[in-house]
Amino acid sequence: MNIVVLMGRLTKDPDVRYSQGDNSLAIARYTLAVDRRRGRSSSQGDQQTADFISCVAFGKSAEFAEKYLHKGTKICIRGRIQTGSYTNKDGVKVYTTDVVIDDQEFAESKNAQTSGPDYSSYANAGRSQSSAPAPEKEESPSGAVEGFMNIPEGIDEELPFN
């Protein structure tokens, strides 16, 4: 089974091209910077690392990428890994690995997109800067953190799970 699910940020705006012919097809290519999990015994300290994954979308997915995705956008994608090879103009065989996207969606609100890390200058180095601190959560007048509801005391017995 060949299924890939990734969440990360675009390192630059998608490169969208259209095939030639009567039924032209949109083809979008972009690179997704996906943070690696760090273990407790990481010798890299607080430095965050990322993998830079080449992605390609076709048709409606490519048109969506062209219209709504840009550098720094955090998205979640689902697709499959596809490998291939070609011979470049110097006669050298080049091997490729891409994620062919079946589905893509936003992984954060539009307001949160401005506070994400900038991976564009680190794509070739294979690592990223430490991410920006998370914005403070706002409390509503009822004392609940925005987007979450306060659970009253003593309701534990009424919940169907523990």
# chains A, B, ... in the order shown; residues from 1 in each chain; ligands from 1
$ residues_around --residues "A:Asn2" --least-positions-apart "4" --cutoff "9 Å" --atoms "only C-alpha atoms" --output "PyMOL selection string"
chain A and resi 79-81
$ residues_around --residues "A:Ile3" --least-positions-apart "3" --cutoff "12 Å" --atoms "only C-alpha atoms" --output "PyMOL selection string"
chain A and resi 6+77-82+99-103
$ residues_around --residues "A:Ser85" --least-positions-apart "3" --cutoff "7 Å" --atoms "only C-alpha atoms" --output "VMD selection string"
chain A and resid 93 to 96
$ select_by_dssp --residues "stretch 7-94 of chain A" --states "helix (DSSP H, G or I)" --output "PyMOL selection string"
chain A and resi 60-68
$ closest_residue --among "A:Val56, A:Ala65, A:Ile75, A:Val5" --to "A:Asp98" --atoms "only C-alpha atoms"
A:Val56
$ atom_distance --atom1 "atom CA of A:Val16" --atom2 "atom CA of A:Lys71"
13.6 Å
$ closest_residue --among "A:Glu108, A:Glu66, A:Asp22, A:Asp15" --to "A:Ser54" --atoms "only C-alpha atoms"
A:Asp15
$ residues_around --residues "A:Val34" --least-positions-apart "3" --cutoff "6 Å" --atoms "only C-alpha atoms" --output "mmCIF file with C-alpha atoms, in the first residue's frame"
data_model
loop_
_atom_site.group_PDB
_atom_site.id
_atom_site.type_symbol
_atom_site.label_atom_id
_atom_site.label_comp_id
_atom_site.auth_asym_id
_atom_site.auth_seq_id
_atom_site.Cartn_x
_atom_site.Cartn_y
_atom_site.Cartn_z
ATOM 1 C CA GLY A 8 4.422 21.116 6.567
ATOM 2 C CA ALA A 50 13.157 19.455 8.552
ATOM 3 C CA ASP A 51 12.878 17.274 5.470
#
$ residues_around --residues "A:Ala33" --least-positions-apart "4" --cutoff "8 Å" --atoms "only C-alpha atoms" --output "ChimeraX atom specification"
/A:8-11,50-53,119,123
$ atom_distance --atom1 "atom CA of A:Asp13" --atom2 "atom CA of A:Gly72"
8.4 Å
$ atom_distance --atom1 "atom CA of A:Ala26" --atom2 "atom CA of A:Asn88"
23.9 Å
$ decode --residues "stretch 67-103 of chain A" --atoms "N, CA and C atoms" --output "mmCIF file, in the first residue's frame"
data_model
loop_
_atom_site.group_PDB
_atom_site.id
_atom_site.type_symbol
_atom_site.label_atom_id
_atom_site.label_comp_id
_atom_site.auth_asym_id
_atom_site.auth_seq_id
_atom_site.Cartn_x
_atom_site.Cartn_y
_atom_site.Cartn_z
ATOM 1 N N LYS A 67 -4.099 28.953 -6.897
ATOM 2 C CA LYS A 67 -4.965 30.030 -6.422
ATOM 3 C C LYS A 67 -4.767 30.355 -4.944
ATOM 4 N N TYR A 68 -4.576 29.341 -4.085
ATOM 5 C CA TYR A 68 -4.628 29.554 -2.642
ATOM 6 C C TYR A 68 -3.324 29.330 -1.876
ATOM 7 N N LEU A 69 -2.381 28.597 -2.431
ATOM 8 C CA LEU A 69 -1.168 28.278 -1.680
ATOM 9 C C LEU A 69 -0.043 29.239 -2.040
ATOM 10 N N HIS A 70 0.756 29.588 -1.039
ATOM 11 C CA HIS A 70 1.907 30.447 -1.245
ATOM 12 C C HIS A 70 2.977 30.116 -0.212
ATOM 13 N N LYS A 71 4.139 30.718 -0.376
ATOM 14 C CA LYS A 71 5.268 30.477 0.523
ATOM 15 C C LYS A 71 4.837 30.646 1.976
ATOM 16 N N GLY A 72 5.166 29.645 2.812
ATOM 17 C CA GLY A 72 4.869 29.710 4.237
ATOM 18 C C GLY A 72 3.541 29.106 4.640
ATOM 19 N N THR A 73 2.659 28.796 3.690
ATOM 20 C CA THR A 73 1.360 28.218 4.012
ATOM 21 C C THR A 73 1.556 26.828 4.606
ATOM 22 N N LYS A 74 0.911 26.577 5.744
ATOM 23 C CA LYS A 74 0.987 25.257 6.380
ATOM 24 C C LYS A 74 -0.174 24.421 5.868
ATOM 25 N N ILE A 75 0.152 23.282 5.266
ATOM 26 C CA ILE A 75 -0.879 22.413 4.696
ATOM 27 C C ILE A 75 -0.653 20.973 5.120
ATOM 28 N N CYS A 76 -1.696 20.188 4.957
ATOM 29 C CA CYS A 76 -1.646 18.749 5.161
ATOM 30 C C CYS A 76 -1.976 18.116 3.818
ATOM 31 N N ILE A 77 -1.143 17.182 3.385
ATOM 32 C CA ILE A 77 -1.388 16.530 2.097
ATOM 33 C C ILE A 77 -1.505 15.027 2.283
ATOM 34 N N ARG A 78 -2.221 14.406 1.350
ATOM 35 C CA ARG A 78 -2.323 12.952 1.290
ATOM 36 C C ARG A 78 -2.063 12.570 -0.158
ATOM 37 N N GLY A 79 -1.250 11.561 -0.354
ATOM 38 C CA GLY A 79 -0.942 11.146 -1.717
ATOM 39 C C GLY A 79 -0.152 9.853 -1.719
ATOM 40 N N ARG A 80 0.686 9.698 -2.742
ATOM 41 C CA ARG A 80 1.488 8.487 -2.893
ATOM 42 C C ARG A 80 2.883 8.860 -3.363
ATOM 43 N N ILE A 81 3.857 8.037 -3.019
ATOM 44 C CA ILE A 81 5.228 8.269 -3.466
ATOM 45 C C ILE A 81 5.387 7.700 -4.866
ATOM 46 N N GLN A 82 6.033 8.490 -5.720
ATOM 47 C CA GLN A 82 6.305 8.040 -7.085
ATOM 48 C C GLN A 82 7.775 8.287 -7.381
ATOM 49 N N THR A 83 8.462 7.252 -7.825
ATOM 50 C CA THR A 83 9.878 7.384 -8.174
ATOM 51 C C THR A 83 10.009 7.340 -9.687
ATOM 52 N N GLY A 84 11.084 7.886 -10.169
ATOM 53 C CA GLY A 84 11.338 7.881 -11.605
ATOM 54 C C GLY A 84 12.783 8.228 -11.881
ATOM 55 N N SER A 85 13.132 8.280 -13.148
ATOM 56 C CA SER A 85 14.490 8.661 -13.530
ATOM 57 C C SER A 85 14.463 9.226 -14.940
ATOM 58 N N TYR A 86 15.488 10.006 -15.234
ATOM 59 C CA TYR A 86 15.668 10.541 -16.580
ATOM 60 C C TYR A 86 17.149 10.800 -16.784
ATOM 61 N N THR A 87 17.553 10.961 -18.033
ATOM 62 C CA THR A 87 18.934 11.272 -18.355
ATOM 63 C C THR A 87 19.002 12.753 -18.690
ATOM 64 N N ASN A 88 19.830 13.500 -17.954
ATOM 65 C CA ASN A 88 19.916 14.944 -18.197
ATOM 66 C C ASN A 88 20.754 15.234 -19.439
ATOM 67 N N LYS A 89 20.920 16.516 -19.754
ATOM 68 C CA LYS A 89 21.606 16.902 -20.994
ATOM 69 C C LYS A 89 23.086 16.539 -21.000
ATOM 70 N N ASP A 90 23.651 16.274 -19.803
ATOM 71 C CA ASP A 90 25.046 15.855 -19.718
ATOM 72 C C ASP A 90 25.208 14.340 -19.790
ATOM 73 N N GLY A 91 24.096 13.616 -19.984
ATOM 74 C CA GLY A 91 24.134 12.168 -20.083
ATOM 75 C C GLY A 91 24.140 11.448 -18.743
ATOM 76 N N VAL A 92 23.874 12.183 -17.671
ATOM 77 C CA VAL A 92 23.870 11.591 -16.328
ATOM 78 C C VAL A 92 22.444 11.187 -15.967
ATOM 79 N N LYS A 93 22.304 9.961 -15.449
ATOM 80 C CA LYS A 93 20.986 9.489 -15.036
ATOM 81 C C LYS A 93 20.622 10.114 -13.693
ATOM 82 N N VAL A 94 19.448 10.764 -13.632
ATOM 83 C CA VAL A 94 18.980 11.438 -12.423
ATOM 84 C C VAL A 94 17.756 10.689 -11.903
ATOM 85 N N TYR A 95 17.773 10.361 -10.610
ATOM 86 C CA TYR A 95 16.655 9.665 -9.985
ATOM 87 C C TYR A 95 15.788 10.678 -9.240
ATOM 88 N N THR A 96 14.474 10.509 -9.320
ATOM 89 C CA THR A 96 13.545 11.443 -8.685
ATOM 90 C C THR A 96 12.598 10.703 -7.738
ATOM 91 N N THR A 97 12.164 11.411 -6.710
ATOM 92 C CA THR A 97 11.146 10.920 -5.796
ATOM 93 C C THR A 97 10.203 12.076 -5.507
ATOM 94 N N ASP A 98 8.926 11.907 -5.791
ATOM 95 C CA ASP A 98 7.908 12.935 -5.575
ATOM 96 C C ASP A 98 6.728 12.333 -4.841
ATOM 97 N N VAL A 99 5.987 13.181 -4.146
ATOM 98 C CA VAL A 99 4.696 12.782 -3.608
ATOM 99 C C VAL A 99 3.650 13.310 -4.587
ATOM 100 N N VAL A 100 2.878 12.410 -5.182
ATOM 101 C CA VAL A 100 1.784 12.788 -6.072
ATOM 102 C C VAL A 100 0.559 13.009 -5.185
ATOM 103 N N ILE A 101 0.057 14.233 -5.182
ATOM 104 C CA ILE A 101 -0.986 14.636 -4.239
ATOM 105 C C ILE A 101 -2.370 14.216 -4.714
ATOM 106 N N ASP A 102 -3.092 13.541 -3.808
ATOM 107 C CA ASP A 102 -4.499 13.220 -4.041
ATOM 108 C C ASP A 102 -5.402 14.245 -3.371
ATOM 109 N N ASP A 103 -4.959 14.735 -2.197
ATOM 110 C CA ASP A 103 -5.776 15.659 -1.409
ATOM 111 C C ASP A 103 -4.857 16.595 -0.655
#
